[in-house]
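Okay, target-v6.txt now, which holds compact mmCIF, C-alpha atoms:
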# COMPACT_ATOMS: atom_id res chain seq x y z
CA MET L 209 -23.33 -44.72 -3.29
CA LYS L 210 -25.04 -41.42 -2.50
CA GLU L 211 -22.73 -38.42 -2.41
CA ARG L 212 -22.31 -36.63 0.92
CA GLU L 213 -22.85 -32.87 0.71
CA VAL L 214 -20.16 -30.70 2.27
CA ASN L 215 -20.87 -27.01 1.84
CA ILE L 216 -18.26 -24.47 2.95
CA LEU L 217 -18.65 -20.85 4.01
CA ILE L 218 -15.72 -18.44 3.62
CA THR L 219 -16.16 -15.28 5.66
CA SER L 220 -14.75 -11.82 4.90
CA ALA L 221 -13.89 -13.18 1.46
CA GLY L 222 -12.42 -9.90 0.18
CA ARG L 223 -9.63 -10.66 -2.31
CA ARG L 224 -9.33 -14.34 -1.35
CA GLY L 225 -10.33 -15.52 -4.81
CA ALA L 226 -7.50 -18.06 -4.94
CA LEU L 227 -8.69 -19.57 -1.65
CA VAL L 228 -12.26 -19.85 -2.93
CA LYS L 229 -11.02 -21.51 -6.10
CA CYS L 230 -8.88 -24.00 -4.13
CA PHE L 231 -11.89 -25.13 -2.11
CA LYS L 232 -14.10 -25.38 -5.21
CA ASP L 233 -11.48 -27.45 -7.05
CA THR L 234 -10.94 -29.72 -4.04
CA ILE L 235 -14.64 -30.44 -3.60
CA LYS L 236 -14.81 -31.52 -7.26
CA LYS L 237 -11.99 -34.03 -6.70
CA MET L 238 -13.40 -35.59 -3.54
CA GLY L 239 -15.29 -38.44 -5.21
CA LYS L 240 -18.08 -39.47 -2.83
CA TYR L 241 -18.45 -35.87 -1.64
CA CYS L 242 -20.20 -32.97 -3.32
CA GLY L 243 -20.82 -29.42 -2.25
CA LYS L 244 -20.47 -25.72 -2.90
CA VAL L 245 -18.43 -22.79 -1.67
CA VAL L 246 -20.46 -19.90 -0.31
CA SER L 247 -18.74 -16.64 0.59
CA VAL L 248 -19.76 -13.53 2.50
CA ASP L 249 -18.42 -10.01 2.88
CA ALA L 250 -19.69 -6.63 4.03
CA SER L 251 -18.66 -5.04 0.71
CA THR L 252 -20.20 -5.59 -2.70
CA LEU L 253 -16.74 -4.86 -4.15
CA ALA L 254 -15.17 -7.98 -2.61
CA ALA L 255 -13.91 -9.79 -5.71
CA ALA L 256 -13.92 -13.30 -4.20
CA LEU L 257 -17.71 -13.15 -3.80
CA TYR L 258 -18.18 -13.47 -7.53
CA ILE L 259 -15.94 -16.53 -7.89
CA SER L 260 -17.96 -18.44 -5.30
CA ASP L 261 -20.87 -20.72 -6.07
CA LYS L 262 -23.08 -18.39 -4.06
CA HIS L 263 -22.51 -15.25 -2.02
CA TYR L 264 -24.16 -12.93 0.48
CA ILE L 265 -23.58 -9.37 1.64
CA VAL L 266 -23.52 -9.34 5.44
CA PRO L 267 -23.28 -6.71 8.20
CA PRO L 268 -19.82 -5.57 9.37
CA ILE L 269 -18.02 -7.98 11.70
CA PHE L 270 -18.73 -6.00 14.86
CA ALA L 271 -22.42 -5.45 14.11
CA SER L 272 -24.70 -6.95 16.78
CA ASN L 273 -26.41 -9.22 14.23
CA TYR L 274 -23.26 -10.48 12.47
CA ILE L 275 -23.20 -13.93 14.12
CA ASP L 276 -26.97 -14.41 13.77
CA THR L 277 -26.72 -13.50 10.08
CA LEU L 278 -24.00 -16.13 9.57
CA LEU L 279 -26.12 -18.72 11.42
CA GLU L 280 -29.08 -17.95 9.12
CA ILE L 281 -26.90 -18.39 6.03
CA CYS L 282 -25.47 -21.65 7.42
CA SER L 283 -29.00 -22.99 7.93
CA LYS L 284 -30.21 -21.87 4.52
CA GLU L 285 -27.20 -23.25 2.62
CA ASN L 286 -26.63 -26.35 4.79
CA ILE L 287 -23.10 -25.19 5.64
CA LYS L 288 -20.86 -27.73 7.41
CA LEU L 289 -17.61 -25.76 7.69
CA ILE L 290 -16.71 -22.08 8.16
CA ILE L 291 -13.31 -20.75 7.09
CA PRO L 292 -12.45 -17.38 8.71
CA THR L 293 -9.90 -15.28 6.83
CA ILE L 294 -9.06 -12.01 8.61
CA ASP L 295 -7.70 -11.16 12.05
CA THR L 296 -10.55 -8.90 13.15
CA GLU L 297 -13.12 -11.73 13.08
CA LEU L 298 -11.04 -14.56 14.58
CA LEU L 299 -11.77 -14.03 18.27
CA LEU L 300 -15.48 -13.37 17.66
CA LEU L 301 -15.92 -16.58 15.67
CA SER L 302 -13.83 -18.52 18.16
CA GLN L 303 -16.01 -17.32 21.03
CA ASN L 304 -19.10 -18.49 19.11
CA LYS L 305 -17.79 -21.93 18.06
CA LYS L 306 -20.18 -23.68 20.45
CA LYS L 307 -23.19 -21.83 19.04
CA PHE L 308 -22.24 -22.87 15.50
CA GLY L 309 -21.51 -26.42 16.68
CA GLU L 310 -25.01 -26.70 18.13
CA ASN L 311 -26.24 -26.00 14.61
CA GLY L 312 -24.02 -28.66 13.03
CA VAL L 313 -21.36 -26.24 11.78
CA ILE L 314 -17.62 -26.54 12.41
CA VAL L 315 -15.59 -23.31 12.56
CA ALA L 316 -11.97 -23.88 11.50
CA ILE L 317 -10.51 -21.70 14.23
CA SER L 318 -8.53 -22.22 17.41
CA ASP L 319 -10.07 -21.72 20.86
CA PRO L 320 -10.24 -18.18 22.32
CA LYS L 321 -7.16 -18.51 24.56
CA ALA L 322 -4.98 -19.48 21.58
CA VAL L 323 -6.46 -16.72 19.41
CA GLU L 324 -5.83 -14.14 22.14
CA THR L 325 -2.22 -15.31 22.45
CA CYS L 326 -1.69 -14.93 18.70
CA SER L 327 -3.40 -11.54 18.40
CA ASP L 328 -1.23 -9.86 21.06
CA LYS L 329 2.47 -9.61 20.20
CA LEU L 330 3.55 -9.40 23.84
CA LYS L 331 1.53 -12.54 24.66
CA THR L 332 3.04 -14.27 21.63
CA PHE L 333 6.52 -13.35 22.86
CA GLN L 334 5.72 -14.67 26.35
CA PHE L 335 4.35 -17.91 24.82
CA PHE L 336 7.56 -18.43 22.85
CA LYS L 337 9.77 -17.72 25.89
CA GLU L 338 7.78 -19.96 28.24
CA ASN L 339 8.05 -22.86 25.78
CA ASN L 340 11.73 -22.39 24.88
CA ILE L 341 10.95 -21.37 21.28
CA PRO L 342 13.67 -19.07 19.87
CA THR L 343 12.26 -15.62 19.27
CA VAL L 344 13.14 -11.94 19.02
CA ASP L 345 13.17 -9.85 22.19
CA THR L 346 9.94 -7.88 22.44
CA PHE L 347 9.17 -4.95 24.75
CA SER L 348 6.24 -2.74 25.55
CA TYR L 349 6.78 0.97 24.95
CA TYR L 350 7.09 1.76 28.66
CA GLN L 351 9.79 -0.90 29.08
CA VAL L 352 11.78 0.64 26.23
CA ASP L 353 11.35 4.09 27.70
CA LYS L 354 13.31 2.97 30.79
CA MET L 355 16.10 1.28 28.83
CA LYS L 356 19.42 3.13 28.70
CA ASN L 357 21.40 0.90 26.34
CA ILE L 358 19.46 0.10 23.17
CA ASN L 359 20.90 -1.71 20.17
CA TYR L 360 19.59 -0.37 16.87
CA PRO L 361 18.02 -1.09 14.43
CA LEU L 362 14.70 -2.15 15.96
CA PHE L 363 11.20 -2.77 14.69
CA ILE L 364 8.16 -0.99 16.09
CA LYS L 365 4.59 -2.12 15.41
CA PRO L 366 1.10 -2.12 17.01
CA CYS L 367 0.73 -4.79 19.71
CA GLY L 368 -2.42 -6.10 18.04
CA GLY L 369 -1.60 -5.14 14.47
CA SER L 370 -1.70 -7.15 11.26
CA ALA L 371 -0.89 -6.93 7.53
CA SER L 372 2.30 -4.96 8.32
CA ILE L 373 0.25 -1.81 8.98
CA ASN L 374 2.27 0.77 10.94
CA VAL L 375 5.38 -1.42 11.07
CA TYR L 376 8.59 0.61 10.91
CA ARG L 377 12.31 0.07 11.19
CA ILE L 378 13.83 2.25 13.89
CA ASN L 379 17.43 3.40 13.40
CA ASN L 380 17.99 5.78 16.32
CA ARG L 381 16.49 7.28 19.47
CA LYS L 382 14.92 10.20 17.62
CA GLU L 383 12.91 7.86 15.39
CA LEU L 384 11.98 5.71 18.39
CA ASP L 385 10.63 8.69 20.32
CA PHE L 386 8.57 9.77 17.32
CA PHE L 387 7.02 6.41 16.50
CA ILE L 388 6.27 5.49 20.12
CA ASN L 389 3.92 8.50 20.15
CA TYR L 390 2.70 7.93 16.57
CA ILE L 391 1.62 4.26 16.89
CA GLU L 392 -1.23 3.28 19.19
CA ASN L 393 -0.21 0.67 21.81
CA PRO L 394 3.17 -0.09 20.21
CA VAL L 395 5.64 -2.87 20.89
CA VAL L 396 9.32 -2.73 20.04
CA GLN L 397 11.15 -5.78 18.74
CA GLU L 398 14.73 -6.81 18.20
CA TYR L 399 15.63 -6.52 14.51
CA ALA L 400 15.53 -10.01 13.01
CA GLU L 401 18.07 -10.80 10.32
CA GLY L 402 18.15 -13.54 7.69
CA GLN L 403 15.72 -15.09 5.25
CA GLU L 404 12.06 -14.73 6.18
CA PHE L 405 9.78 -17.79 6.11
CA THR L 406 6.11 -18.46 6.59
CA LEU L 407 5.12 -21.92 7.82
CA ASP L 408 1.73 -22.94 6.41
CA ILE L 409 0.31 -25.40 8.93
CA LEU L 410 -2.89 -27.43 9.14
CA ALA L 411 -4.05 -28.97 12.42
CA ASP L 412 -7.03 -31.27 12.91
CA LEU L 413 -9.97 -30.56 15.23
CA GLY L 414 -8.10 -32.15 18.13
CA GLY L 415 -5.08 -29.89 17.71
CA LYS L 416 -2.84 -32.52 16.09
CA VAL L 417 -0.72 -31.17 13.24
CA ILE L 418 -1.42 -32.78 9.85
CA ASN L 419 1.19 -30.95 7.80
CA VAL L 420 3.74 -28.13 7.88
CA VAL L 421 4.90 -26.45 4.66
CA PRO L 422 7.68 -23.84 4.94
CA ARG L 423 7.43 -21.05 2.39
CA GLU L 424 10.33 -18.71 1.67
CA ARG L 425 9.12 -15.12 1.38
CA ILE L 426 10.97 -13.66 -1.62
CA GLU L 427 8.87 -10.54 -2.22
CA VAL L 428 6.32 -9.06 0.17
CA ARG L 429 3.81 -6.26 -0.37
CA ALA L 430 1.60 -4.79 2.39
CA GLY L 431 2.50 -7.68 4.66
CA GLU L 432 1.39 -10.37 2.20
CA ILE L 433 3.64 -12.53 0.07
CA ASN L 434 3.80 -11.65 -3.61
CA LYS L 435 6.56 -14.07 -4.61
CA GLY L 436 7.77 -17.12 -2.75
CA LYS L 437 8.70 -20.77 -2.95
CA THR L 438 8.08 -23.80 -0.78
CA VAL L 439 11.16 -25.45 0.68
CA LYS L 440 11.70 -28.60 2.71
CA GLU L 441 13.42 -27.32 5.84
CA GLU L 442 13.19 -30.13 8.40
CA LYS L 443 14.05 -27.93 11.39
CA LEU L 444 11.31 -25.44 10.50
CA ILE L 445 8.82 -28.26 10.02
CA GLU L 446 9.69 -29.71 13.44
CA TYR L 447 9.35 -26.33 15.15
CA GLY L 448 6.04 -25.64 13.41
CA LYS L 449 4.55 -28.88 14.71
CA ILE L 450 5.80 -28.22 18.25
CA ILE L 451 4.49 -24.64 18.35
CA VAL L 452 1.01 -25.43 17.06
CA GLU L 453 0.49 -28.48 19.26
CA ILE L 454 1.61 -26.64 22.41
CA LEU L 455 -0.64 -23.73 21.45
CA GLY L 456 -3.59 -26.05 20.83
CA GLY L 457 -4.09 -24.65 17.34
CA ILE L 458 -6.97 -25.84 15.17
CA GLY L 459 -7.40 -25.54 11.42
CA PRO L 460 -5.13 -23.39 9.23
CA ILE L 461 -2.32 -21.53 10.99
CA THR L 462 0.64 -19.54 9.69
CA ILE L 463 3.84 -18.88 11.62
CA GLN L 464 6.50 -16.37 10.61
CA CYS L 465 10.20 -16.64 11.37
CA PHE L 466 13.67 -15.61 10.24
CA LYS L 467 16.51 -18.03 9.53
CA LYS L 468 20.16 -17.01 9.40
CA GLY L 469 22.53 -19.94 9.10
CA ASP L 470 21.49 -22.40 11.79
CA GLU L 471 19.78 -19.72 13.90
CA ILE L 472 15.99 -19.44 13.75
CA LYS L 473 13.87 -16.77 15.41
CA PHE L 474 10.07 -16.90 15.44
CA ILE L 475 8.16 -13.63 15.45
CA GLU L 476 4.45 -14.19 14.83
CA ILE L 477 1.56 -16.70 14.79
CA ASN L 478 -1.61 -16.15 12.76
CA PRO L 479 -4.46 -18.64 13.44
CA ARG L 480 -5.84 -18.46 9.89
CA PHE L 481 -4.85 -18.99 6.26
CA GLY L 482 -1.99 -16.75 5.16
CA GLY L 483 -2.37 -14.24 2.38
CA GLY L 484 -0.20 -16.44 0.16
Translate this file's structure into structure tokens.
Amino acid sequence: MKEREVNILITSAGRRGALVKCFKDTIKKMGKYCGKVVSVDASTLAAALYISDKHYIVPPIFASNYIDTLLEICSKENIKLIIPTIDTELLLLSQNKKKFGENGVIVAISDPKAVETCSDKLKTFQFFKENNIPTVDTFSYYQVDKMKNINYPLFIKPCGGSASINVYRINNRKELDFFINYIENPVVQEYAEGQEFTLDILADLGGKVINVVPRERIEVRAGEINKGKTVKEEKLIEYGKIIVEILGGIGPITIQCFKKGDEIKFIEINPRFGGG
């Protein structure tokens, strides 16, 4: 039987060498399938490029020819699947899913509405509340400014931020006043207590969840897990499936939450592979 070729493109490869290796190893084990892993990045210093079977240097994500460049590479390398990896490219690739689809390429990304919900922490909070998902109270900076009774500590972070950049614990009003002016478009969140988990989730192209794997975050650096362990927490698995299927998520998705005793509070959804 002739092998079917399935070539994969990983965008903004950066330091995602482990991810590249996982896809390469999986393709080798797929029996009747063959293929290669191609990666792209705007920097020649992106380490994952050199682990891939083939790589290209591409324009920055917001360059006018970024999508056309990816389409050219997909045509040249007979790419069947694109795996996005960083937050800044998710909405752009989601908005261009149809264009890639017309060229026989699947982009493993949720639709724009879901991506927009995940990329805005106030919208994520509203999504959780509307669907009765336990979460931390989240406020815009002007809401907090009108509040008289505030329970500290709090967290402050950019509304559209990622990778734990400009995320700070707030212990008093003086710190709050400073960081509200320091961070661009900040949101303030209730301080979540307990053990932090990431749920690694995979949904099919119809938005049906295939698997949920809770991962306990033991040590975190720059927002990405450095040490962790997978655990079978049935309640977390059930919530992960519910959240992604209501959201209409597609492909790899990570959800972050805190668990203290029987209480769970969800704080974030990322419609991509996690750093771990």
So what do you get for CA of Ile216 (chain L) versus CA of Lys321 (chain L), distance-wise?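 Taking CA of Ile216 (chain L) as the start and CA of Lys321 (chain L) as the end point, the length is 25.0 Å.
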Show me, as number ranges by chain, the residues that have an atom within 10 Å of Lys440 (chain L) when counting all atoms listed in the file, minus same-chain residues fewer than 6 positions from it. L: 420-423
Between CA of Ala255 (chain L) and CA of Pro268 (chain L), distance in Å (one decimal):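 We find that CA of Ala255 (chain L) and CA of Pro268 (chain L) lie 16.7 Å from each other.
In this comparison, which uses only C-alpha atoms, the residue of L:Leu289, L:Lys443, L:Lys236, L:Pro361 approaching Gly309 (chain L) most closely is L:Leu289.
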Quick one: residues within 6 Å of region 459-468 of chain L, only C-alpha atoms, excluding same-chain residues fewer than 5 positions away - as a list in words?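 Everything that qualifies: Ala316, Ile317, Gly402, Gln403, Glu404, Phe405, Thr406, Leu407, Asp408, Ile409, Leu410, Ala411, Asp412, Lys473, Phe474, Ile475, Glu476, Ile477, Asn478, Pro479, Arg480, Phe481 and Gly482 of chain L.
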To one decimal place, how far is CA of Phe336 (chain L) from CA of Ala400 (chain L) in Å? 15.2 Å
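Distances to Asp233 (chain L) were evaluated for L:Ile259, L:Leu330, L:Leu298, L:Leu444 using all atoms listed in the file, and the minimum falls at L:Ile259.
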Please write as a PyMOL selection string the list of polymer residues whose atoms come within 10 Å of (-15.3, -33.5, -1.5), counting all atoms listed in the file and keeping to the coordinates of the file. chain L and resi 211-215+231-244
If we count only C-alpha atoms, what is near Lys284 (chain L) at a cut-off of 12 Å, once residues fewer than 4 positions away on the same chain are taken out, given as an mmCIF file with C-alpha atoms, in the frame of the given file?
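The file below, around_32.cif, is the result:
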data_model
loop_
_atom_site.group_PDB
_atom_site.id
_atom_site.type_symbol
_atom_site.label_atom_id
_atom_site.label_comp_id
_atom_site.auth_asym_id
_atom_site.auth_seq_id
_atom_site.Cartn_x
_atom_site.Cartn_y
_atom_site.Cartn_z
ATOM 1 C CA ASN L 215 -20.870 -27.010 1.840
ATOM 2 C CA LEU L 217 -18.650 -20.850 4.010
ATOM 3 C CA VAL L 246 -20.460 -19.900 -0.310
ATOM 4 C CA LYS L 262 -23.080 -18.390 -4.060
ATOM 5 C CA TYR L 264 -24.160 -12.930 0.480
ATOM 6 C CA THR L 277 -26.720 -13.500 10.080
ATOM 7 C CA LEU L 278 -24.000 -16.130 9.570
ATOM 8 C CA LEU L 279 -26.120 -18.720 11.420
ATOM 9 C CA GLU L 280 -29.080 -17.950 9.120
ATOM 10 C CA LYS L 288 -20.860 -27.730 7.410
ATOM 11 C CA ASN L 311 -26.240 -26.000 14.610
#
Taking into account only C-alpha atoms, which residue in the set L:Asn393, L:Asn273, L:Asn374, L:Asn357 is nearest to Lys329 (chain L)? L:Asn393
List the residues sitting within 6 Å of (0.0, 0.9, 18.6) in the file's frame, using only C-alpha atoms, as number ranges by chain. L: 366-367, 391-394
Within 9 Å of Val313 (chain L), counting only C-alpha atoms, which residues qualify if same-chain residues fewer than 5 places away don't, as a PyMOL selection string? chain L and resi 279+282+286-290+305+307-308
Do a neighbour search on Ile364 (chain L) at 7 Å with only C-alpha atoms, toss out local chain neighbours closer than 2 positions, and write the hits as an MDAnalysis selection string. chainID L and resid 362 375:378 394:397
